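Chemist: I'm passing along target05.cif; it holds mmCIF, C-alpha atoms.
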```
data_run
loop_
_atom_site.label_atom_id
_atom_site.label_comp_id
_atom_site.auth_asym_id
_atom_site.auth_seq_id
_atom_site.Cartn_x
_atom_site.Cartn_y
_atom_site.Cartn_z
CA GLU A 21 108.04 89.34 90.06
CA CYS A 22 109.02 88.54 86.47
CA PRO A 23 112.71 87.56 86.31
CA ILE A 24 113.16 89.51 83.06
CA CYS A 25 111.38 92.87 83.48
CA MET A 26 111.51 92.70 87.29
CA ARG A 27 107.94 93.99 87.58
CA VAL A 28 105.24 92.52 89.81
CA PHE A 29 103.26 89.81 88.05
CA PRO A 30 99.72 90.58 86.86
CA LEU A 31 97.20 89.02 89.22
CA CYS A 32 95.51 87.05 86.45
CA GLU A 33 97.59 83.91 85.96
CA ARG A 34 96.50 83.77 82.32
CA LEU A 35 98.81 86.73 81.75
CA HIS A 36 102.02 84.94 82.71
CA SER A 37 103.36 81.46 82.04
CA HIS A 38 105.56 78.70 83.42
CA ASN A 39 108.37 77.50 81.17
CA ALA A 40 109.08 73.80 81.61
CA CYS A 41 112.57 74.18 80.11
CA CYS A 42 113.99 76.28 82.95
CA GLY A 43 111.12 76.34 85.44
CA LYS A 44 110.84 80.13 85.31
CA ILE A 45 107.51 81.95 85.44
CA ILE A 46 107.57 84.87 82.99
CA CYS A 47 105.04 87.61 82.34
CA GLY A 48 103.17 87.59 79.06
CA GLY A 49 104.68 90.92 78.05
CA CYS A 50 108.22 89.55 78.11
CA VAL A 51 107.21 86.31 76.40
CA PHE A 52 105.43 88.27 73.67
CA GLN A 53 108.40 90.59 73.05
CA CYS A 54 110.75 87.59 72.81
CA GLN A 55 108.49 85.89 70.28
CA MET A 56 108.21 89.08 68.22
CA LYS A 57 112.00 89.33 68.02
CA SER A 58 112.54 85.67 67.14
CA GLU A 59 113.39 85.37 63.47
CA GLU A 60 113.16 81.59 63.40
CA ARG A 61 111.74 79.14 65.96
CA PRO A 62 110.52 80.96 69.11
CA THR A 63 112.60 80.44 72.22
CA CYS A 64 112.13 80.71 75.97
CA ALA A 65 112.43 84.36 76.95
CA PHE A 66 114.68 83.40 79.87
CA CYS A 67 116.95 80.49 78.92
CA ARG A 68 116.55 80.68 75.11
CA THR A 69 115.64 77.01 74.77
CA ALA A 70 113.50 76.41 71.67
CA VAL A 71 109.76 76.39 72.37
CA PRO A 72 108.31 72.85 72.09
CA ARG A 73 106.48 72.06 68.88
CA SER A 74 104.20 69.28 70.08
CA GLU A 75 102.16 68.20 73.09
CA GLU A 76 104.47 65.21 73.44
CA GLU A 77 107.48 67.50 73.77
CA ILE A 78 105.66 69.72 76.27
CA LEU A 79 104.72 66.68 78.36
CA THR A 80 108.30 65.37 78.31
CA ARG A 81 109.69 68.67 79.57
CA LEU A 82 106.93 69.08 82.14
CA SER A 83 107.51 65.54 83.45
CA LYS A 84 111.19 66.34 84.01
CA ARG A 85 110.24 69.40 86.06
CA VAL A 86 107.79 67.28 88.07
CA GLU A 87 110.57 64.79 88.81
CA ARG A 88 112.61 67.71 90.16
CA LYS A 89 109.67 68.60 92.42
CA ASP A 90 109.06 71.97 90.81
CA PRO A 91 105.87 73.11 92.66
CA ARG A 92 104.45 74.94 89.64
CA ALA A 93 105.16 72.05 87.28
CA VAL A 94 103.45 69.62 89.67
CA PHE A 95 100.43 71.95 89.78
CA ILE A 96 100.29 72.20 85.99
CA MET A 97 100.51 68.41 85.65
CA ALA A 98 97.63 68.09 88.12
CA MET A 99 95.47 70.40 86.03
CA GLU A 100 96.33 68.49 82.86
CA TYR A 101 95.01 65.33 84.52
CA SER A 102 91.88 67.23 85.57
CA LYS A 103 90.93 67.91 81.94
CA GLY A 104 92.79 65.23 80.02
CA GLY A 105 95.29 67.64 78.48
CA LEU A 106 98.57 66.90 76.68
CA GLY A 107 97.26 63.50 75.65
CA LEU A 108 96.80 62.36 79.26
CA PRO A 109 93.63 60.59 80.43
CA VAL A 110 91.30 62.37 82.85
CA ASN A 111 92.32 61.06 86.28
CA GLN A 112 90.75 62.68 89.33
CA VAL A 113 92.83 60.74 91.84
CA LYS A 114 96.12 61.74 90.20
CA CYS A 115 94.91 65.33 89.93
CA ILE A 116 94.18 65.60 93.66
CA ASN A 117 97.33 63.75 94.69
CA LEU A 118 99.47 66.04 92.54
CA LEU A 119 97.71 69.12 93.88
CA ARG A 120 98.43 67.99 97.43
CA GLN A 121 102.04 67.35 96.52
CA SER A 122 102.33 70.78 94.94
CA ALA A 123 100.76 72.37 98.00
CA GLU A 124 103.20 70.54 100.27
CA LEU A 125 106.03 71.93 98.13
CA GLY A 126 104.75 75.43 98.82
CA SER A 127 102.43 76.21 95.93
CA ALA A 128 99.75 78.65 97.03
CA VAL A 129 97.80 78.24 93.79
CA ALA A 130 97.59 74.48 94.41
CA GLN A 131 96.16 75.17 97.87
CA TYR A 132 93.64 77.50 96.27
CA GLN A 133 92.61 74.88 93.71
CA LEU A 134 92.15 72.24 96.41
CA GLY A 135 89.93 74.73 98.22
CA ALA A 136 87.93 75.32 95.05
CA TYR A 137 87.37 71.60 94.58
CA HIS A 138 86.38 71.15 98.23
CA GLY A 139 84.04 74.12 97.98
CA THR A 140 82.23 72.80 94.90
CA GLY A 141 82.52 69.07 95.51
CA ARG A 142 84.35 68.47 92.24
CA MET A 143 87.21 66.21 91.18
CA GLY A 144 86.01 63.35 93.37
CA LEU A 145 86.01 65.36 96.62
CA GLU A 146 82.98 65.77 98.85
CA GLN A 147 81.69 69.30 99.18
CA ASN A 148 83.10 70.67 102.40
CA GLU A 149 83.16 74.42 103.02
CA GLU A 150 85.30 74.09 106.12
CA GLU A 151 88.01 72.22 104.20
CA ALA A 152 87.77 74.82 101.47
CA ARG A 153 88.33 77.58 104.02
CA LYS A 154 91.35 75.76 105.46
CA CYS A 155 92.92 75.48 102.01
CA TRP A 156 92.20 79.12 101.19
CA LYS A 157 93.65 80.23 104.50
CA GLU A 158 96.90 78.39 103.73
CA ALA A 159 96.94 79.83 100.22
CA ALA A 160 96.21 83.35 101.46
CA GLU A 161 99.09 83.12 103.91
CA GLY A 162 101.24 82.19 100.90
CA GLY A 163 100.19 85.37 99.11
CA HIS A 164 97.34 84.07 96.94
CA LEU A 165 94.96 87.02 96.68
CA LEU A 166 91.97 85.22 95.19
CA SER A 167 92.04 82.92 98.22
CA ARG A 168 92.09 86.01 100.45
CA HIS A 169 89.11 87.34 98.50
CA ASN A 170 87.27 84.03 98.92
CA LEU A 171 87.89 84.11 102.67
CA GLY A 172 86.28 87.53 102.72
CA LEU A 173 83.21 86.24 100.90
CA SER A 174 83.04 83.25 103.21
CA GLU A 175 83.12 85.48 106.30
CA ASN A 176 80.43 87.64 104.73
CA LYS A 177 78.26 84.57 104.16
CA ASN A 178 78.71 83.64 107.83
CA GLY A 179 77.74 87.13 108.96
CA ASN A 180 81.24 88.12 110.12
CA ASP A 181 81.39 91.49 108.39
CA VAL A 182 84.42 92.83 110.28
CA ALA A 183 86.52 89.81 109.33
CA ALA A 184 85.13 89.88 105.78
CA MET A 185 86.11 93.52 105.27
CA ARG A 186 89.58 92.85 106.69
CA HIS A 187 90.23 90.13 104.11
CA LEU A 188 88.69 92.14 101.28
CA ARG A 189 90.67 95.29 102.13
CA PHE A 190 93.89 93.27 102.17
CA ALA A 191 93.17 91.78 98.75
CA ALA A 192 91.96 95.06 97.25
CA SER A 193 95.00 96.94 98.57
CA ALA A 194 97.20 94.45 96.70
CA GLY A 195 95.35 95.16 93.45
CA MET A 196 92.33 92.81 93.43
CA LYS A 197 89.51 94.62 91.63
CA ARG A 198 86.76 92.20 92.53
CA SER A 199 87.53 92.70 96.23
CA MET A 200 87.12 96.43 95.74
CA GLY A 201 83.72 95.77 94.21
CA ALA A 202 82.67 93.90 97.35
CA LEU A 203 83.96 96.74 99.55
CA ILE A 204 81.93 99.30 97.61
CA ILE A 205 78.82 97.28 98.48
CA TYR A 206 79.86 97.43 102.15
CA PHE A 207 80.35 101.20 101.82
CA GLU A 208 76.95 101.68 100.21
CA SER A 209 75.34 99.72 103.02
CA GLY A 210 76.98 102.00 105.60
CA LEU A 211 79.32 99.38 107.09
CA LEU A 212 82.57 100.77 105.66
CA HIS A 213 83.79 104.32 106.31
CA HIS A 214 84.51 106.55 103.33
CA SER A 215 88.08 107.17 104.53
CA ASP A 216 88.78 103.42 104.71
CA LEU A 217 87.38 102.91 101.23
CA ALA A 218 89.42 105.81 99.83
CA GLU A 219 92.61 104.55 101.46
CA THR A 220 92.08 101.06 100.05
CA LEU A 221 91.25 102.43 96.61
CA GLN A 222 94.48 104.44 96.50
CA ALA A 223 96.47 101.38 97.56
CA MET A 224 94.81 99.33 94.83
CA TYR A 225 95.71 101.88 92.15
CA ARG A 226 99.33 101.94 93.34
CA ALA A 227 99.53 98.15 93.34
CA ARG A 228 98.05 97.84 89.86
CA ALA A 229 100.37 100.54 88.51
CA GLU A 230 103.34 98.39 89.57
CA MET A 231 101.96 95.54 87.44
CA LYS A 232 101.70 97.59 84.24
CA SER A 233 104.26 98.09 81.47
CA GLU A 234 104.25 98.97 77.78
CA ASN A 235 105.19 95.41 76.86
CA ARG A 236 102.29 94.01 78.88
CA ASP A 237 99.87 96.49 77.31
CA GLU A 238 101.07 95.42 73.85
CA TYR A 239 100.57 91.77 74.79
CA ILE A 240 97.00 92.44 75.94
CA GLU A 241 96.25 94.33 72.71
CA HIS A 242 97.62 91.35 70.78
CA LEU A 243 95.31 88.99 72.68
CA LYS A 244 92.33 91.26 72.02
CA LYS A 245 93.05 91.47 68.28
CA ASN A 246 93.22 87.68 68.10
CA GLY A 247 90.08 87.12 70.17
CA GLN A 248 92.07 85.49 72.97
CA TYR A 249 91.42 88.07 75.67
CA ARG A 250 88.62 87.54 78.18
CA GLU A 251 86.99 90.39 80.09
CA SER A 252 87.31 88.29 83.25
CA TYR A 253 91.09 88.88 83.08
CA SER A 254 90.50 92.51 84.06
CA LEU A 255 88.46 91.62 87.15
CA TRP A 256 91.56 90.43 89.00
#
```
Would you mind writing the file's structure down as structure tokens?

Modeler:
Amino acid sequence: ECPICMRVFPLCERLHSHNACCGKIICGGCVFQCQMKSEERPTCAFCRTAVPRSEEEILTRLSKRVERKDPRAVFIMAMEYSKGGLGLPVNQVKCINLLRQSAELGSAVAQYQLGAYHGTGRMGLEQNEEEARKCWKEAAEGGHLLSRHNLGLSENKNGNDVAAMRHLRFAASAGMKRSMGALIIYFESGLLHHSDLAETLQAMYRARAEMKSENRDEYIEHLKKNGQYRESYSLW
């Protein structure tokens, strides 16, 4: 949950951010409100450190968090190497090594990303669905719902509908919309009982209600007005 508003984080990671100054992950709603209230240079919504003005400053702060073995910072550094961000060169080996380090430090999203690269054969890894499943299983056990969703799709692909629906119901009950979409297909095909679908749908609405707030709604409206919002954000 967000350390400021104490509400459950939105599922879409684009709607919250990691601050390299203090290492806190803060929801977009709280960050946006802090920026709106800042009369001068924007500050971190948690520790009030001034927001960095350049990529060089961001990289310096991020590097310090990596040295402290901050799992999220290590993950972010890995992704910067994957795309050559913050002035860094694209380096597939460093990206994968950092992702593995982040995963070892307990980052579920790093496990998910390793699974995604194994599943698609990107970032210098050979395509290997079994390795992808192993990574997603680890990530799902760490609470990563998209990994749980992917396990459901994988089981569906392998013809294991009971296991697939179990994973999808778990993810949907925690608020994952795209998992609900897959369950509706199961319902329409006669494999999922109406009562089970209704129960999962109610759980999903409850979970998503816990993620909402006025500040977060204002932040989303701000993104939409500035053309920064993507419809894919709402599929989570």

Chemist: Carefully work through the PyMOL selection byres ((chain A and resi 93) around 9) for this structure and note down the residues it includes, as a list in words.

Modeler: His38, Asn39, Ala40, Gly43, Leu82, Ser83, Lys84, Arg85, Val86, Lys89, Asp90, Pro91, Arg92, Val94, Phe95, Ile96, Met97, Ala98 and Ser122 of chain A

Chemist: Excluding segment 57-72 of chain A and residues on its chain fewer than 4 positions from it, collect all residues at most 9 Å away from it, counting only C-alpha atoms, and give them as a PyMOL selection string.

Modeler: chain A and resi 23-24+39+41-42+44+46+50-53+76-78+81

Chemist: So, counting only C-alpha atoms, which residue among A:Ala223, A:Leu106, A:Leu165, A:Met200 is closest to Leu31 of chain A?

Modeler: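 Distance minimum relative to Leu31 of chain A lands on A:Leu165.
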
Chemist: To one decimal in Å, tell me the separation between atom CA of Tyr249 of chain A and atom CA of Glu100 of chain A.

Modeler: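 About the pair atom CA of Tyr249 of chain A and atom CA of Glu100 of chain A: they are 21.4 Å apart.
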
Chemist: Apply the PyMOL selection byres ((chain A and resi 230) around 10) to the structure shown and report the selected residues as a list in words.

Modeler: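 Applied to this file, the PyMOL selection byres ((chain A and resi 230) around 10) returns Arg27, Val28, Phe29, Pro30, Gly195, Tyr225, Arg226, Ala227, Arg228, Ala229, Met231, Lys232 and Ser233 of chain A.
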
Chemist: Written as a PyMOL selection string, which residues does the PyMOL selection byres ((chain A and resi 201) around 12) give for the file shown?

Modeler: chain A and resi 169+173+185+188-189+191-192+195-200+202-208+217+220-221+224+255-256

Chemist: In terms of the shortest atom-to-atom distance over all atoms listed in the file, which of A:Gly49, A:Gly107, A:Gly162, A:Gly144 is closest to Ala130 of chain A?

Modeler: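 Of the candidates, the smallest distance to Ala130 of chain A is held by A:Gly162.
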
Chemist: Nearest to Ala128 of chain A: which of A:Thr140, A:Gln222, A:Gln55, A:Ser167 is it, counting all atoms listed in the file?

Modeler: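 Using all atoms listed in the file, the shortest distance to Ala128 of chain A belongs to A:Ser167.
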
Chemist: So how many Å separate atom CA of His36 of chain A and atom CA of Tyr253 of chain A, to one decimal?

Modeler: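 Atom CA of Tyr253 of chain A lies 11.6 Å from atom CA of His36 of chain A.
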
Chemist: Give me, please, the distance in Å between atom CA of Gly163 of chain A and atom CA of Lys244 of chain A, quoted to one decimal.

Modeler: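 These atoms are spaced 28.8 Å apart.
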
Chemist: Which residue gives the smallest distance to Glu219 of chain A among A:Lys114, A:Phe190, A:Glu150, A:Leu125, with only C-alpha atoms counted?

Modeler: A:Phe190

Chemist: Quick one: residues within 6 Å of Tyr101 of chain A, only C-alpha atoms counted, chain neighbours fewer than 4 positions away excluded, as a PyMOL selection string?

Modeler: chain A and resi 110-111+115

Chemist: Counting only C-alpha atoms, figure out which residue out of A:Leu35, A:Met26, A:Leu171, A:Ala194 gets nearest to Arg236 of chain A.

Modeler: A:Leu35

Chemist: Could you put an axis-aligned box around every listed atom of segment 229-235 of chain A, padded by 8 Å on each side, and send me its centre and edge lengths in Å to one decimal, as AutoDock Vina command-line options?

Modeler:
```
--center_x 102.8 --center_y 98.0 --center_z 83.2 --size_x 20.8 --size_y 21.1 --size_z 28.7
```
